[in-house]
file final.txt (compact mmCIF, C-alpha atoms)
# COMPACT_ATOMS: atom_id res chain seq x y z
CA MET A 1 16.88 26.37 20.04
CA GLN A 2 14.75 29.44 20.59
CA PRO A 3 12.14 29.03 23.33
CA ARG A 4 9.38 29.93 20.85
CA ARG A 5 10.39 27.14 18.51
CA GLN A 6 10.87 24.78 21.42
CA LYS A 7 7.31 25.47 22.53
CA ARG A 8 5.95 24.74 19.05
CA LEU A 9 8.06 21.58 18.82
CA PHE A 10 6.67 20.23 22.09
CA ALA A 11 3.11 21.24 21.21
CA ILE A 12 3.26 19.31 17.92
CA LEU A 13 4.96 16.29 19.48
CA LEU A 14 2.26 16.29 22.17
CA VAL A 15 -0.51 16.38 19.57
CA ILE A 16 1.10 13.49 17.63
CA GLY A 17 1.64 11.51 20.85
CA LEU A 18 -1.94 11.92 22.05
CA LEU A 19 -3.41 11.06 18.64
CA THR A 20 -1.18 7.98 18.31
CA GLY A 21 -2.44 6.85 21.70
CA ALA A 22 -6.05 7.45 20.70
CA VAL A 23 -5.67 5.58 17.39
CA ALA A 24 -3.82 2.71 19.07
CA ALA A 25 -6.57 2.37 21.69
CA MET A 26 -9.24 2.47 18.97
CA LEU A 27 -7.55 -0.16 16.82
CA TYR A 28 -7.01 -2.34 19.90
CA ALA A 29 -10.68 -2.11 20.80
CA LEU A 30 -11.74 -2.86 17.22
CA GLN A 31 -9.14 -5.60 16.75
CA GLN A 32 -11.64 -8.39 16.13
CA ASN A 33 -13.67 -6.30 13.70
CA ILE A 34 -10.65 -5.37 11.58
CA ASP A 35 -9.69 -9.00 10.96
CA LEU A 36 -11.13 -9.78 7.56
CA PHE A 37 -11.86 -13.42 8.35
CA TYR A 38 -11.94 -16.14 11.00
CA THR A 39 -9.37 -18.89 10.74
CA PRO A 40 -10.72 -22.44 11.23
CA SER A 41 -9.16 -22.65 14.72
CA GLN A 42 -10.70 -19.29 15.68
CA LEU A 43 -14.07 -20.53 14.46
CA VAL A 44 -13.89 -23.74 16.49
CA ASP A 45 -12.05 -22.54 19.61
CA GLY A 46 -13.46 -19.03 19.81
CA LEU A 47 -11.82 -15.65 19.35
CA GLY A 48 -9.76 -13.53 21.73
CA LYS A 49 -9.44 -13.79 25.52
CA ASP A 50 -13.12 -14.48 26.09
CA LYS A 51 -13.23 -17.27 23.49
CA ILE A 52 -16.27 -15.79 21.77
CA LYS A 53 -17.61 -18.23 19.22
CA PRO A 54 -19.71 -17.09 16.25
CA GLN A 55 -23.35 -18.20 16.38
CA VAL A 56 -25.09 -20.45 13.91
CA GLY A 57 -26.76 -18.29 11.28
CA GLN A 58 -24.17 -15.52 11.61
CA ARG A 59 -22.68 -14.06 8.41
CA LEU A 60 -18.91 -14.29 8.48
CA ARG A 61 -15.77 -14.84 6.45
CA ILE A 62 -13.54 -17.84 6.87
CA GLY A 63 -9.96 -18.05 5.61
CA GLY A 64 -7.66 -21.05 5.39
CA MET A 65 -5.89 -23.57 3.18
CA VAL A 66 -7.93 -25.91 1.01
CA VAL A 67 -7.20 -29.44 2.27
CA ALA A 68 -5.75 -31.68 -0.45
CA GLY A 69 -8.25 -34.28 -1.60
CA SER A 70 -11.21 -32.62 0.08
CA VAL A 71 -12.65 -30.85 -2.97
CA LYS A 72 -15.86 -32.55 -4.07
CA ARG A 73 -17.73 -31.32 -7.12
CA ASP A 74 -21.25 -32.18 -8.14
CA PRO A 75 -21.01 -33.34 -11.78
CA GLU A 76 -24.54 -32.05 -12.53
CA SER A 77 -24.16 -28.49 -11.22
CA LEU A 78 -21.70 -25.90 -9.94
CA LYS A 79 -22.05 -27.16 -6.36
CA VAL A 80 -18.73 -27.76 -4.67
CA SER A 81 -17.63 -28.50 -1.14
CA PHE A 82 -14.17 -28.47 0.38
CA ASP A 83 -12.43 -28.41 3.76
CA LEU A 84 -10.31 -25.56 5.09
CA VAL A 85 -7.52 -25.89 7.64
CA ASP A 86 -4.98 -23.64 9.33
CA THR A 87 -3.22 -25.38 12.22
CA GLY A 88 -5.78 -27.72 13.74
CA PRO A 89 -9.48 -28.26 13.11
CA LEU A 90 -11.17 -28.60 9.73
CA VAL A 91 -14.06 -26.46 8.57
CA THR A 92 -16.27 -27.45 5.63
CA VAL A 93 -17.35 -24.89 3.05
CA ILE A 94 -20.30 -25.49 0.71
CA TYR A 95 -20.48 -23.25 -2.35
CA GLU A 96 -22.43 -23.00 -5.55
CA GLY A 97 -20.85 -20.86 -8.24
CA ILE A 98 -17.69 -20.25 -10.20
CA LEU A 99 -14.45 -20.53 -8.25
CA PRO A 100 -11.61 -18.03 -8.88
CA ASP A 101 -8.72 -19.01 -11.16
CA LEU A 102 -6.27 -19.42 -8.31
CA PHE A 103 -8.52 -21.87 -6.45
CA ARG A 104 -6.81 -25.22 -6.02
CA GLU A 105 -5.92 -27.68 -3.32
CA GLY A 106 -3.32 -26.28 -0.92
CA GLN A 107 -4.26 -22.71 -1.88
CA GLY A 108 -5.30 -20.12 0.71
CA ILE A 109 -8.83 -18.87 0.17
CA VAL A 110 -11.32 -16.59 1.92
CA ALA A 111 -15.01 -17.50 1.78
CA GLN A 112 -17.93 -15.32 2.87
CA GLY A 113 -21.13 -16.99 3.95
CA VAL A 114 -23.49 -18.06 6.69
CA LEU A 115 -22.53 -20.46 9.47
CA GLN A 116 -24.74 -23.56 9.12
CA ASP A 117 -23.49 -25.52 12.12
CA ALA A 118 -20.34 -25.40 14.26
CA THR A 119 -17.98 -26.33 11.41
CA THR A 120 -19.97 -25.85 8.18
CA ILE A 121 -20.32 -22.65 6.18
CA LYS A 122 -22.60 -22.06 3.22
CA ALA A 123 -20.58 -19.59 1.18
CA SER A 124 -21.96 -16.95 -1.14
CA GLU A 125 -18.54 -15.74 -2.31
CA VAL A 126 -15.16 -17.46 -2.54
CA LEU A 127 -12.01 -15.35 -2.97
CA ALA A 128 -8.51 -16.71 -3.58
CA LYS A 129 -5.77 -15.39 -1.31
CA HIS A 130 -2.39 -15.13 -2.94
CA ASP A 131 0.84 -15.44 -0.98
CA GLU A 132 3.86 -13.17 -1.38
CA GLU A 133 5.91 -15.66 -3.40
CA TYR A 134 6.58 -14.91 -7.03
CA MET A 135 8.63 -17.23 -9.23
CA PRO A 136 8.81 -18.57 -12.78
CA PRO A 137 7.21 -22.02 -13.44
CA GLU A 138 10.58 -23.80 -13.78
CA VAL A 139 11.75 -22.48 -10.41
CA ALA A 140 8.49 -23.56 -8.77
CA GLU A 141 8.87 -27.03 -10.19
CA ALA A 142 12.48 -27.33 -8.99
CA LEU A 143 11.78 -25.80 -5.58
CA LYS A 144 8.37 -27.10 -4.63
CA GLY A 145 7.90 -30.00 -6.98
CA ILE A 146 4.62 -28.49 -8.18
CA ARG A 147 3.85 -28.61 -11.83
CA HIS A 148 1.23 -25.96 -12.36
CA VAL A 149 -1.60 -26.69 -14.76
CA PRO A 150 -3.87 -23.78 -15.68
CA PRO A 151 -7.41 -24.34 -14.32
CA SER A 152 -8.82 -24.55 -17.84
CA GLN A 153 -6.75 -27.67 -18.52
CA GLN A 154 -7.30 -29.38 -15.19
CA GLN A 155 -8.89 -32.80 -15.10
CA PRO A 156 -12.21 -32.90 -13.27
CA ALA A 157 -11.49 -33.87 -9.68
CA SER A 158 -12.49 -37.36 -8.65
CA GLY A 159 -15.01 -38.00 -5.90
CA SER A 160 -18.63 -37.02 -5.86
CA TYR A 161 -20.41 -34.21 -4.10
CA MET B 1 24.95 20.89 13.60
CA PHE B 2 22.45 21.93 10.92
CA LYS B 3 24.26 25.17 10.01
CA TRP B 4 25.10 23.82 6.55
CA LEU B 5 21.37 23.56 5.85
CA HIS B 6 20.67 27.24 6.50
CA PRO B 7 21.41 28.58 2.98
CA TYR B 8 18.74 26.21 1.64
CA ALA B 9 16.03 28.03 3.59
CA LYS B 10 16.48 30.91 1.15
CA PRO B 11 13.94 30.62 -1.70
CA GLU B 12 16.36 31.99 -4.33
CA THR B 13 19.00 29.33 -3.55
CA VAL B 14 16.41 26.54 -3.65
CA TYR B 15 14.99 27.85 -6.92
CA HIS B 16 18.36 27.68 -8.65
CA LEU B 17 19.28 24.35 -7.03
CA CYS B 18 16.01 22.79 -8.24
CA GLY B 19 16.59 24.25 -11.70
CA ARG B 20 20.02 22.64 -11.89
CA LEU B 21 18.90 19.25 -10.53
CA MET B 22 15.61 18.94 -12.42
CA PRO B 23 16.87 17.96 -15.92
CA TRP B 24 19.20 15.29 -14.50
CA LEU B 25 16.53 13.84 -12.24
CA MET B 26 13.91 13.86 -14.99
CA GLY B 27 16.29 12.23 -17.48
CA ALA B 28 17.33 9.53 -15.02
CA ALA B 29 13.73 8.89 -13.99
CA LEU B 30 12.49 8.45 -17.56
CA LEU B 31 15.43 6.22 -18.47
CA LEU B 32 14.99 3.97 -15.44
CA LEU B 33 11.20 3.97 -15.84
CA LEU B 34 11.50 2.77 -19.43
CA LEU B 35 14.17 0.20 -18.55
CA GLY B 36 12.37 -1.17 -15.49
CA ASN B 37 8.95 -1.32 -17.09
CA ILE B 38 9.95 -2.75 -20.46
CA TRP B 39 12.13 -5.35 -18.75
CA GLY B 40 9.44 -6.12 -16.20
CA LEU B 41 6.46 -6.15 -18.53
CA ALA B 42 8.01 -7.88 -21.54
CA PHE B 43 11.17 -9.77 -20.62
CA THR B 44 10.54 -11.47 -17.28
CA PRO B 45 9.27 -15.04 -17.03
CA PRO B 46 5.58 -15.51 -16.12
CA ASP B 47 4.66 -16.48 -12.56
CA TYR B 48 4.07 -20.17 -11.79
CA GLN B 49 0.54 -19.52 -10.49
CA GLN B 50 -0.60 -16.17 -11.82
CA GLY B 51 0.81 -16.39 -15.33
CA ASP B 52 1.18 -12.98 -16.94
CA SER B 53 -1.24 -11.16 -14.63
CA TYR B 54 1.46 -10.78 -11.99
CA ARG B 55 3.31 -8.26 -14.20
CA ILE B 56 1.17 -5.46 -12.83
CA ILE B 57 3.45 -5.74 -9.78
CA HIS B 58 5.96 -3.63 -11.73
CA LEU B 59 3.58 -0.66 -11.48
CA HIS B 60 1.70 -1.51 -8.29
CA VAL B 61 4.57 -2.07 -5.87
CA PRO B 62 6.68 0.99 -6.86
CA ALA B 63 3.57 3.21 -6.71
CA ALA B 64 2.52 1.77 -3.35
CA ILE B 65 5.99 2.07 -1.79
CA MET B 66 6.40 5.61 -3.05
CA SER B 67 2.89 6.63 -1.98
CA MET B 68 4.15 6.05 1.56
CA GLY B 69 7.65 7.42 0.92
CA THR B 70 6.19 10.59 -0.56
CA TYR B 71 3.95 10.97 2.46
CA SER B 72 6.90 10.79 4.85
CA ALA B 73 8.70 13.44 2.78
CA MET B 74 5.59 15.65 2.94
CA ALA B 75 5.25 15.11 6.70
CA ILE B 76 8.91 16.01 7.33
CA ALA B 77 8.47 19.18 5.27
CA ALA B 78 5.27 19.99 7.18
CA PHE B 79 6.98 19.42 10.53
CA THR B 80 9.85 21.71 9.53
CA ALA B 81 7.37 24.30 8.32
CA LEU B 82 5.41 24.24 11.57
CA VAL B 83 8.30 24.26 14.05
CA TRP B 84 10.94 26.36 12.29
CA GLN B 85 8.53 28.22 10.01
CA VAL B 86 10.69 27.82 6.93
CA LYS B 87 8.76 29.20 3.97
CA VAL B 88 10.33 26.83 1.44
CA ALA B 89 9.31 23.84 3.57
CA GLN B 90 5.77 25.19 3.70
CA TRP B 91 5.58 25.45 -0.08
CA SER B 92 7.10 21.97 -0.44
CA VAL B 93 4.17 20.45 1.48
CA LEU B 94 1.72 21.74 -1.10
CA ALA B 95 4.09 20.87 -3.94
CA ILE B 96 4.41 17.23 -2.80
CA ALA B 97 0.76 16.49 -1.98
CA PRO B 98 -0.60 16.05 -5.56
CA ILE B 99 2.38 13.83 -6.53
CA GLY B 100 1.67 11.53 -3.60
CA ALA B 101 -2.05 11.53 -4.33
CA VAL B 102 -1.41 10.36 -7.89
CA TYR B 103 0.99 7.62 -6.70
CA THR B 104 -1.62 6.43 -4.21
CA ALA B 105 -4.31 6.42 -6.90
CA ILE B 106 -2.03 4.40 -9.23
CA ALA B 107 -1.39 1.88 -6.44
CA LEU B 108 -5.12 1.52 -5.71
CA ILE B 109 -6.22 1.25 -9.35
CA THR B 110 -3.52 -1.25 -10.41
CA GLY B 111 -4.21 -3.23 -7.24
CA MET B 112 -7.90 -3.44 -8.11
CA ALA B 113 -7.14 -4.48 -11.68
CA TRP B 114 -5.00 -7.32 -10.28
CA GLY B 115 -7.47 -8.24 -7.56
CA LYS B 116 -10.33 -8.94 -9.95
CA PRO B 117 -8.67 -11.85 -11.83
CA MET B 118 -6.58 -13.13 -8.89
CA TRP B 119 -8.78 -12.78 -5.81
CA GLY B 120 -12.07 -12.70 -7.66
CA THR B 121 -13.09 -9.23 -6.48
CA TRP B 122 -12.17 -5.63 -7.26
CA TRP B 123 -12.30 -4.48 -3.67
CA VAL B 124 -12.57 -5.91 -0.19
CA TRP B 125 -12.55 -3.87 3.01
CA ASP B 126 -9.50 -5.48 4.55
CA ALA B 127 -6.99 -3.55 6.66
CA ARG B 128 -4.37 -2.99 3.94
CA LEU B 129 -6.76 -1.75 1.25
CA THR B 130 -8.71 0.45 3.66
CA SER B 131 -5.64 2.08 5.19
CA GLU B 132 -4.21 2.80 1.71
CA LEU B 133 -7.54 4.42 0.77
CA ILE B 134 -7.30 6.55 3.92
CA LEU B 135 -3.84 7.62 2.73
CA LEU B 136 -5.41 8.88 -0.51
CA PHE B 137 -8.00 10.80 1.53
CA LEU B 138 -5.20 12.30 3.67
CA TYR B 139 -3.46 13.60 0.54
CA LEU B 140 -6.74 14.98 -0.82
CA GLY B 141 -7.47 16.46 2.62
CA VAL B 142 -4.13 18.29 2.67
CA ILE B 143 -4.79 19.69 -0.82
CA ALA B 144 -8.36 20.69 0.04
CA LEU B 145 -7.54 22.22 3.44
CA SER B 146 -4.76 24.39 2.01
CA GLY B 147 -7.29 25.99 -0.30
CA ALA B 148 -10.17 26.17 2.17
CA PHE B 149 -9.14 29.40 3.92
CA SER B 150 -9.29 32.89 2.48
CA ASP B 151 -5.91 33.53 4.09
CA ARG B 152 -3.33 31.39 2.30
CA GLN B 153 -0.98 31.35 5.31
CA THR B 154 -3.63 29.88 7.62
CA GLY B 155 -4.63 27.31 5.02
CA ALA B 156 -1.05 26.16 4.56
CA LYS B 157 -0.56 25.89 8.32
CA VAL B 158 -3.68 23.80 8.89
CA ALA B 159 -2.80 21.58 5.91
CA SER B 160 0.68 21.03 7.38
CA LEU B 161 -0.82 20.03 10.72
CA LEU B 162 -2.99 17.44 8.98
CA ALA B 163 0.05 16.17 7.05
CA VAL B 164 2.04 15.74 10.29
CA VAL B 165 -0.78 14.05 12.17
CA GLY B 166 -1.51 11.68 9.25
CA VAL B 167 1.90 10.06 9.73
CA ILE B 168 0.16 7.72 12.19
CA ASN B 169 -1.37 5.99 9.16
CA LEU B 170 2.02 4.95 7.69
CA PRO B 171 2.92 2.21 10.23
CA ILE B 172 -0.70 1.06 10.09
CA ILE B 173 -0.45 0.56 6.31
CA HIS B 174 2.92 -1.14 6.59
CA PHE B 175 2.07 -3.55 9.40
CA SER B 176 -1.61 -4.09 8.50
CA VAL B 177 -0.81 -7.39 6.79
CA GLU B 178 0.96 -8.64 9.94
CA TRP B 179 -1.35 -7.30 12.64
CA TRP B 180 -4.61 -8.52 11.15
CA ASN B 181 -5.98 -11.22 8.87
CA THR B 182 -6.12 -9.60 5.45
CA LEU B 183 -6.82 -10.74 1.92
CA HIS B 184 -3.77 -8.77 0.77
CA GLN B 185 -0.59 -10.83 0.88
CA GLY B 186 2.43 -9.96 3.03
CA ALA B 187 5.45 -8.04 1.81
CA SER B 188 7.56 -9.72 -0.90
CA ILE B 189 10.54 -7.43 -0.37
CA THR B 190 11.72 -6.62 3.13
CA LYS B 191 14.98 -5.05 4.20
CA PHE B 192 16.29 -7.90 6.27
CA ALA B 193 14.88 -11.13 4.92
CA LYS B 194 15.63 -12.76 1.60
CA PRO B 195 12.98 -11.50 -0.84
CA SER B 196 10.29 -14.05 -1.64
CA ILE B 197 10.30 -13.03 -5.27
CA ASP B 198 12.59 -14.69 -7.79
CA PRO B 199 15.73 -12.64 -8.74
CA SER B 200 14.69 -12.64 -12.43
CA MET B 201 11.58 -10.66 -11.43
CA LEU B 202 13.15 -8.72 -8.56
CA TRP B 203 15.70 -6.68 -10.53
CA PRO B 204 13.29 -4.88 -12.89
CA LEU B 205 11.06 -4.26 -9.86
CA LEU B 206 13.89 -2.62 -7.91
CA ILE B 207 14.74 -0.48 -10.95
CA SER B 208 11.10 0.64 -11.20
CA ILE B 209 11.02 1.52 -7.50
CA LEU B 210 14.15 3.64 -7.94
CA ALA B 211 12.61 5.25 -11.04
CA PHE B 212 9.43 6.20 -9.14
CA LYS B 213 11.59 7.65 -6.36
CA ILE B 214 13.65 9.82 -8.73
CA LEU B 215 10.54 10.82 -10.69
CA MET B 216 8.98 12.08 -7.45
CA LEU B 217 12.07 14.24 -6.78
CA ALA B 218 12.03 15.57 -10.35
CA LEU B 219 8.34 16.48 -10.16
CA LEU B 220 8.91 18.05 -6.74
CA CYS B 221 11.68 20.24 -8.20
CA MET B 222 9.36 21.38 -11.00
CA ARG B 223 6.42 22.13 -8.71
CA LEU B 224 8.54 23.79 -6.03
CA ARG B 225 10.12 26.13 -8.58
CA THR B 226 6.67 27.24 -9.69
CA ALA B 227 5.53 27.68 -6.09
CA ILE B 228 8.59 29.79 -5.27
CA LEU B 229 8.00 32.04 -8.29
CA VAL B 230 4.31 32.50 -7.44
CA ASN B 231 5.02 33.33 -3.80
CA GLU B 232 8.05 35.54 -4.43
CA GLN B 233 6.78 37.31 -7.55
CA HIS B 234 7.20 40.76 -6.05
CA ARG B 235 10.75 40.16 -4.78
CA PRO B 236 13.59 41.96 -6.56
CA TRP B 237 15.44 38.72 -7.53
CA VAL B 238 12.42 37.40 -9.42
CA LYS B 239 11.88 40.74 -11.13
CA ALA B 240 15.55 40.93 -12.06
CA MET B 241 15.33 37.43 -13.54
CA ALA B 242 12.20 38.29 -15.49
CA GLY B 243 14.24 41.06 -17.00
CA ASP B 244 12.32 44.19 -16.00
call {"tool": "encode", "arguments": {"input": "final.txt", "output": "structure tokens"}}
result
Amino acid sequence: MQPRRQKRLFAILLVIGLLTGAVAAMLYALQQNIDLFYTPSQLVDGLGKDKIKPQVGQRLRIGGMVVAGSVKRDPESLKVSFDLVDTGPLVTVIYEGILPDLFREGQGIVAQGVLQDATTIKASEVLAKHDEEYMPPEVAEALKGIRHVPPSQQQPASGSY
Amino acid sequence: MFKWLHPYAKPETVYHLCGRLMPWLMGAALLLLLLGNIWGLAFTPPDYQQGDSYRIIHLHVPAAIMSMGTYSAMAIAAFTALVWQVKVAQWSVLAIAPIGAVYTAIALITGMAWGKPMWGTWWVWDARLTSELILLFLYLGVIALSGAFSDRQTGAKVASLLAVVGVINLPIIHFSVEWWNTLHQGASITKFAKPSIDPSMLWPLLISILAFKILMLALLCMRLRTAILVNEQHRPWVKAMAGD
């Protein structure tokens, strides 16, 4: 290779290397801010090395699986409460409003709201998280034993708010 | 080692090569695009949870994959242009950028249209969505920078530098769903693991991905031919072809 080209090659590789380092350092420093949501264990045990726990009254997002049997609806209004779990502790979410179509027990969801006490969140927005699995209904029934009923045809859940 | 590549640095050779390849690529792309999309949109079973809304995957995933694939192609061309100063590579950078920008826009718009009914929101600032938006801005930045200098050579060089440096964003987009908590789901198709999408839905998707790939090459051939003619308009071979 000609020395002139070699010089340009190294100059460009150096620029890319330095910038990659800078971006990596930045993303590492911002790690906690880039996470879209807390998981229930992060909320209860604290986040990162320093175990920083969010404070009561803080606005945050929480993401986890809706615990089966924990969804309680108020028959008079749109109020609903349910528990979220990931690997350990449970966190309760209180919400008033229309839930997304994909919301159901066992489904991953992300809720945005204000922390009321250590494990309760008053949500202002509930989003459904979808996983990467795609399959026809028959396959789902054979594989997972779930028979999916569209939300419009679901029976009102038992239990009171 | 790369001696066999040398003839392709000559604009005239590339012009004729692109002219020969273009009709085949375009024909194949349109055929596969029709096949993949009609099969995917009309003849696949609905999803067990999402019903028919999931079908947008047949546009979203090919566009998203190729928005990144197109960027790597542009970055390789830019790198070649900067280090070896190959003119054809330089023109390719500017020929590829708008194609990639459109693919990225398709991925973002179809993703939003799916997000509204499924997630419950058009947009959320999670790592995957944000980094894909940055990719769109990188494409637009390359296009804008190339035209921002009165000297075309300087503009092309600066645009190439941005294209090369922007490569850092590609692994961030790809791994964003693994490194951070995101609303966007993980990858359904990976090279090594068994895909988590049923085979009846996977095949039309793979055909669409291939179609988007070939379509990108076909469009590149078209745009590169034009770029070569514009830049070489005073050369004897162009004049001879124009029939003066």
call {"tool": "atom_distance", "arguments": {"input": "final.txt", "atom1": "CA of Gly166 in chain B", "atom2": "CA of Ile207 in chain B"}}
result
28.6 Å
call {"tool": "closest_residue", "arguments": {"input": "final.txt", "among": "B:Leu215, B:Ile106, B:Ala227, B:Ile189", "to": "Tyr134 in chain A", "atoms": "all atoms listed in the file"}}
result
B:Ile189
call {"tool": "atom_distance", "arguments": {"input": "final.txt", "atom1": "CA of Thr44 in chain B", "atom2": "CA of Gln107 in chain A"}}
result
24.1 Å
call {"tool": "interface_residues", "arguments": {"input": "final.txt", "of": "chain B", "to": "chain A", "cutoff": "7 Å", "atoms": "all atoms listed in the file", "output": "NGL selection string"}}
result
:B and (45-49 or 83-84 or 118-120 or 126-127 or 165 or 168 or 180-183 or 185-188 or 196-198)
call {"tool": "closest_residue", "arguments": {"input": "final.txt", "among": "B:Val88, B:Ile76, B:Ala63, B:Met216", "to": "Tyr15 in chain B", "atoms": "all atoms listed in the file"}}
result
B:Val88
call {"tool": "closest_residue", "arguments": {"input": "final.txt", "among": "B:Tyr103, B:Trp114, B:Trp24, B:Phe212", "to": "Leu135 in chain B", "atoms": "all atoms listed in the file"}}
result
B:Tyr103
call {"tool": "axis_aligned_box", "arguments": {"input": "final.txt", "around": "range 79-93 of chain A", "padding_each_side": "4 Å", "output": "AutoDock Vina command-line options"}}
result
--center_x -12.6 --center_y -26.1 --center_z 3.7 --size_x 26.8 --size_y 13.0 --size_z 28.1
call {"tool": "residues_near_point", "arguments": {"input": "final.txt", "point": "(14.7, 0.8, -13.1)", "cutoff": "6 Å", "atoms": "only C-alpha atoms", "output": "tab-separated table (two decimals) with C-alpha atoms, in the frame of the given file"}}
result
chain	number	residue	atom	x	y	z
B	32	LEU	CA	14.99	3.97	-15.44
B	33	LEU	CA	11.20	3.97	-15.84
B	35	LEU	CA	14.17	0.20	-18.55
B	36	GLY	CA	12.37	-1.17	-15.49
B	204	PRO	CA	13.29	-4.88	-12.89
B	207	ILE	CA	14.74	-0.48	-10.95
B	208	SER	CA	11.10	0.64	-11.20
B	210	LEU	CA	14.15	3.64	-7.94
B	211	ALA	CA	12.61	5.25	-11.04
call {"tool": "closest_residue", "arguments": {"input": "final.txt", "among": "B:Asn37, B:Thr13, B:Ser146, B:Thr121", "to": "Leu205 in chain B", "atoms": "all atoms listed in the file"}}
result
B:Asn37
call {"tool": "atom_distance", "arguments": {"input": "final.txt", "atom1": "CA of Pro171 in chain B", "atom2": "CA of Lys87 in chain B"}}
result
28.3 Å
call {"tool": "residues_around", "arguments": {"input": "final.txt", "residues": "Gly106 in chain A", "least_positions_apart": "4", "cutoff": "8 Å", "atoms": "only C-alpha atoms", "output": "list in words"}}
result
Met65, Val66, Val67 and Ala68 of chain A
call {"tool": "closest_residue", "arguments": {"input": "final.txt", "among": "B:Val238, B:Gln90, B:Leu5, B:Leu217", "to": "Lys157 in chain B", "atoms": "only C-alpha atoms"}}
result
B:Gln90
call {"tool": "closest_residue", "arguments": {"input": "final.txt", "among": "A:Pro75, A:Gly48, A:Ile62, A:Leu30", "to": "Leu90 in chain A", "atoms": "all atoms listed in the file"}}
result
A:Ile62
call {"tool": "residues_around", "arguments": {"input": "final.txt", "residues": "Ala77 in chain B", "least_positions_apart": "4", "cutoff": "12 Å", "atoms": "all atoms listed in the file", "output": "PyMOL selection string"}}
result
chain B and resi 9+70-73+81-97+156-157+159-161+163-164
call {"tool": "build_atoms", "arguments": {"input": "final.txt", "residues": "range 163-174 of chain B", "atoms": "N, CA, C and O atoms", "output": "compact mmCIF listing (two decimals), in the frame of the given file"}}
result
# COMPACT_ATOMS: atom_id res chain seq x y z
N ALA B 163 -1.00 17.01 7.64
CA ALA B 163 0.05 16.17 7.05
C ALA B 163 0.88 15.51 8.14
O ALA B 163 1.20 14.33 8.07
N VAL B 164 1.22 16.28 9.20
CA VAL B 164 2.04 15.74 10.29
C VAL B 164 1.27 14.67 11.05
O VAL B 164 1.78 13.58 11.33
N VAL B 165 0.02 14.98 11.37
CA VAL B 165 -0.78 14.05 12.17
C VAL B 165 -1.05 12.75 11.41
O VAL B 165 -1.07 11.67 11.97
N GLY B 166 -1.21 12.86 10.07
CA GLY B 166 -1.51 11.68 9.25
C GLY B 166 -0.42 10.65 9.22
O GLY B 166 -0.64 9.53 8.76
N VAL B 167 0.79 11.01 9.70
CA VAL B 167 1.90 10.06 9.73
C VAL B 167 1.53 8.78 10.48
O VAL B 167 2.04 7.71 10.18
N ILE B 168 0.60 8.89 11.43
CA ILE B 168 0.16 7.72 12.19
C ILE B 168 -0.30 6.60 11.26
O ILE B 168 -0.17 5.43 11.56
N ASN B 169 -0.84 6.99 10.09
CA ASN B 169 -1.37 5.99 9.16
C ASN B 169 -0.27 5.14 8.52
O ASN B 169 -0.52 4.01 8.11
N LEU B 170 0.97 5.68 8.43
CA LEU B 170 2.02 4.95 7.69
C LEU B 170 2.36 3.60 8.33
O LEU B 170 2.35 2.58 7.63
N PRO B 171 2.68 3.55 9.65
CA PRO B 171 2.92 2.21 10.23
C PRO B 171 1.71 1.30 10.15
O PRO B 171 1.86 0.08 10.02
N ILE B 172 0.50 1.90 10.19
CA ILE B 172 -0.70 1.06 10.09
C ILE B 172 -0.76 0.38 8.72
O ILE B 172 -1.02 -0.81 8.61
N ILE B 173 -0.47 1.15 7.65
CA ILE B 173 -0.45 0.56 6.31
C ILE B 173 0.60 -0.55 6.24
O ILE B 173 0.34 -1.66 5.81
N HIS B 174 1.81 -0.21 6.73
CA HIS B 174 2.92 -1.14 6.59
C HIS B 174 2.68 -2.45 7.34
O HIS B 174 2.93 -3.52 6.81
